[in-house]
Amino acid sequence: MIAGLYEFMDKPEIMELITEGSLFWKGYRYQETVQAGLEALGIVQNTILFKEFTESSLKGALGLLIT
């Protein structure tokens with residue numbers, strides 16, 4: 001899905017994604033495995049940056065309610 005989004009956005013120089021959950025951030029070699037998969041699909045390392053945003057789904061939903 002990440003690679004598809006990257007292609008759909010016409011291969012930006014840098015793409016930042018907000019990620020949440022302990023699997024992504026604390027899972028054994030999970031980020032490394034995701035990065036290796038992206039590189040296998042031809043996406044250069046450090047093109048996609050993963051950002052941690054605590055409780056992003058909750059804060060995002062609250063943002064929609066107040067706008």
# chains A, B, ... in the order shown; residues from 1 in each chain; ligands from 1
call {"tool": "select_by_dssp", "arguments": {"residues": "chain A", "states": "strand (DSSP E)", "output": "PyMOL selection string"}}
result
chain A and resi 15-19+48-52
call {"tool": "select_by_dssp", "arguments": {"residues": "stretch 14-61 of chain A", "states": "helix (DSSP H, G or I)", "output": "PyMOL selection string"}}
result
chain A and resi 22-26+30-40+56-61
call {"tool": "write_last_selection", "arguments": {"atoms": "N, CA and C atoms", "output": "PDB file, in the first residue's frame"}}
result
ATOM      1  N   SER A  22       2.387  -0.242  18.226  1.00  0.00           N
ATOM      2  CA  SER A  22       3.624  -0.808  18.755  1.00  0.00           C
ATOM      3  C   SER A  22       4.279  -1.776  17.781  1.00  0.00           C
ATOM      4  N   LEU A  23       3.507  -2.436  16.916  1.00  0.00           N
ATOM      5  CA  LEU A  23       4.113  -3.360  15.963  1.00  0.00           C
ATOM      6  C   LEU A  23       5.095  -2.621  15.066  1.00  0.00           C
ATOM      7  N   PHE A  24       4.669  -1.486  14.520  1.00  0.00           N
ATOM      8  CA  PHE A  24       5.553  -0.751  13.621  1.00  0.00           C
ATOM      9  C   PHE A  24       6.775  -0.226  14.348  1.00  0.00           C
ATOM     10  N   TRP A  25       6.596   0.352  15.517  1.00  0.00           N
ATOM     11  CA  TRP A  25       7.686   1.027  16.204  1.00  0.00           C
ATOM     12  C   TRP A  25       8.532   0.115  17.073  1.00  0.00           C
ATOM     13  N   LYS A  26       7.950  -0.979  17.576  1.00  0.00           N
ATOM     14  CA  LYS A  26       8.688  -1.837  18.503  1.00  0.00           C
ATOM     15  C   LYS A  26       8.839  -3.277  18.032  1.00  0.00           C
ATOM     16  N   TYR A  30      10.746  -4.815  12.271  1.00  0.00           N
ATOM     17  CA  TYR A  30       9.585  -4.520  11.433  1.00  0.00           C
ATOM     18  C   TYR A  30       9.859  -3.363  10.478  1.00  0.00           C
ATOM     19  N   GLN A  31      10.358  -2.247  11.006  1.00  0.00           N
ATOM     20  CA  GLN A  31      10.658  -1.098  10.134  1.00  0.00           C
ATOM     21  C   GLN A  31      11.698  -1.468   9.086  1.00  0.00           C
ATOM     22  N   GLU A  32      12.691  -2.211   9.500  1.00  0.00           N
ATOM     23  CA  GLU A  32      13.738  -2.661   8.576  1.00  0.00           C
ATOM     24  C   GLU A  32      13.144  -3.522   7.462  1.00  0.00           C
ATOM     25  N   THR A  33      12.213  -4.379   7.812  1.00  0.00           N
ATOM     26  CA  THR A  33      11.564  -5.255   6.832  1.00  0.00           C
ATOM     27  C   THR A  33      10.704  -4.444   5.866  1.00  0.00           C
ATOM     28  N   VAL A  34       9.986  -3.462   6.385  1.00  0.00           N
ATOM     29  CA  VAL A  34       9.171  -2.592   5.522  1.00  0.00           C
ATOM     30  C   VAL A  34      10.078  -1.848   4.550  1.00  0.00           C
ATOM     31  N   GLN A  35      11.175  -1.298   5.057  1.00  0.00           N
ATOM     32  CA  GLN A  35      12.112  -0.554   4.202  1.00  0.00           C
ATOM     33  C   GLN A  35      12.711  -1.448   3.124  1.00  0.00           C
ATOM     34  N   ALA A  36      13.077  -2.670   3.491  1.00  0.00           N
ATOM     35  CA  ALA A  36      13.641  -3.611   2.512  1.00  0.00           C
ATOM     36  C   ALA A  36      12.616  -3.935   1.425  1.00  0.00           C
ATOM     37  N   GLY A  37      11.370  -4.069   1.812  1.00  0.00           N
ATOM     38  CA  GLY A  37      10.312  -4.322   0.830  1.00  0.00           C
ATOM     39  C   GLY A  37      10.131  -3.157  -0.118  1.00  0.00           C
ATOM     40  N   LEU A  38      10.198  -1.950   0.405  1.00  0.00           N
ATOM     41  CA  LEU A  38      10.082  -0.760  -0.447  1.00  0.00           C
ATOM     42  C   LEU A  38      11.254  -0.664  -1.419  1.00  0.00           C
ATOM     43  N   GLU A  39      12.447  -0.969  -0.928  1.00  0.00           N
ATOM     44  CA  GLU A  39      13.623  -0.940  -1.803  1.00  0.00           C
ATOM     45  C   GLU A  39      13.527  -2.011  -2.881  1.00  0.00           C
ATOM     46  N   ALA A  40      12.974  -3.169  -2.540  1.00  0.00           N
ATOM     47  CA  ALA A  40      12.795  -4.233  -3.531  1.00  0.00           C
ATOM     48  C   ALA A  40      11.833  -3.796  -4.638  1.00  0.00           C
ATOM     49  N   SER A  56      -2.634   9.334  16.773  1.00  0.00           N
ATOM     50  CA  SER A  56      -2.974  10.088  15.559  1.00  0.00           C
ATOM     51  C   SER A  56      -4.413   9.849  15.108  1.00  0.00           C
ATOM     52  N   SER A  57      -4.920   8.645  15.243  1.00  0.00           N
ATOM     53  CA  SER A  57      -6.297   8.394  14.796  1.00  0.00           C
ATOM     54  C   SER A  57      -7.302   9.146  15.671  1.00  0.00           C
ATOM     55  N   LEU A  58      -7.049   9.204  16.954  1.00  0.00           N
ATOM     56  CA  LEU A  58      -7.935   9.931  17.861  1.00  0.00           C
ATOM     57  C   LEU A  58      -7.842  11.432  17.605  1.00  0.00           C
ATOM     58  N   LYS A  59      -6.637  11.951  17.502  1.00  0.00           N
ATOM     59  CA  LYS A  59      -6.455  13.380  17.266  1.00  0.00           C
ATOM     60  C   LYS A  59      -6.998  13.789  15.894  1.00  0.00           C
ATOM     61  N   GLY A  60      -6.839  12.913  14.912  1.00  0.00           N
ATOM     62  CA  GLY A  60      -7.383  13.200  13.588  1.00  0.00           C
ATOM     63  C   GLY A  60      -8.895  13.269  13.595  1.00  0.00           C
ATOM     64  N   ALA A  61      -9.534  12.350  14.306  1.00  0.00           N
ATOM     65  CA  ALA A  61     -10.987  12.337  14.407  1.00  0.00           C
ATOM     66  C   ALA A  61     -11.480  13.588  15.145  1.00  0.00           C
TER      67      ALA A  61
END
call {"tool": "residues_around", "arguments": {"residues": "A:Ile18", "least_positions_apart": "4", "cutoff": "6 Å", "atoms": "only C-alpha atoms", "output": "list in words"}}
result
Phe50, Lys51 and Glu52 of chain A
call {"tool": "residues_around", "arguments": {"residues": "A:Glu16", "least_positions_apart": "5", "cutoff": "12 Å", "atoms": "only C-alpha atoms", "output": "ChimeraX atom specification"}}
result
/A:2,5-6,9,46-53
call {"tool": "write_last_selection", "arguments": {"atoms": "N, CA and C atoms", "output": "compact mmCIF listing (two decimals), in the first residue's frame"}}
result
# COMPACT_ATOMS: atom_id res chain seq x y z
N ILE A 2 1.96 1.23 0.73
CA ILE A 2 2.84 2.39 0.77
C ILE A 2 3.43 2.66 -0.61
N LEU A 5 0.78 4.11 -2.91
CA LEU A 5 0.53 5.51 -2.62
C LEU A 5 1.65 6.38 -3.18
N TYR A 6 2.87 5.92 -3.03
CA TYR A 6 4.03 6.64 -3.57
C TYR A 6 3.91 6.79 -5.09
N MET A 9 1.15 9.24 -6.09
CA MET A 9 1.51 10.64 -5.85
C MET A 9 2.62 11.10 -6.79
N ASN A 46 15.16 6.19 2.39
CA ASN A 46 14.96 7.54 2.94
C ASN A 46 14.10 8.44 2.06
N THR A 47 13.44 7.86 1.07
CA THR A 47 12.47 8.62 0.28
C THR A 47 11.16 8.71 1.06
N ILE A 48 10.83 7.64 1.75
CA ILE A 48 9.62 7.60 2.57
C ILE A 48 10.04 7.68 4.03
N LEU A 49 9.56 8.73 4.70
CA LEU A 49 9.90 8.95 6.10
C LEU A 49 8.70 8.61 6.97
N PHE A 50 8.95 7.84 7.99
CA PHE A 50 7.90 7.44 8.91
C PHE A 50 7.94 8.33 10.14
N LYS A 51 6.82 8.93 10.47
CA LYS A 51 6.71 9.83 11.61
C LYS A 51 5.80 9.21 12.66
N GLU A 52 6.22 9.34 13.89
CA GLU A 52 5.39 8.84 15.00
C GLU A 52 4.56 10.01 15.52
N PHE A 53 3.28 9.81 15.59
CA PHE A 53 2.35 10.83 16.05
C PHE A 53 1.42 10.13 17.02
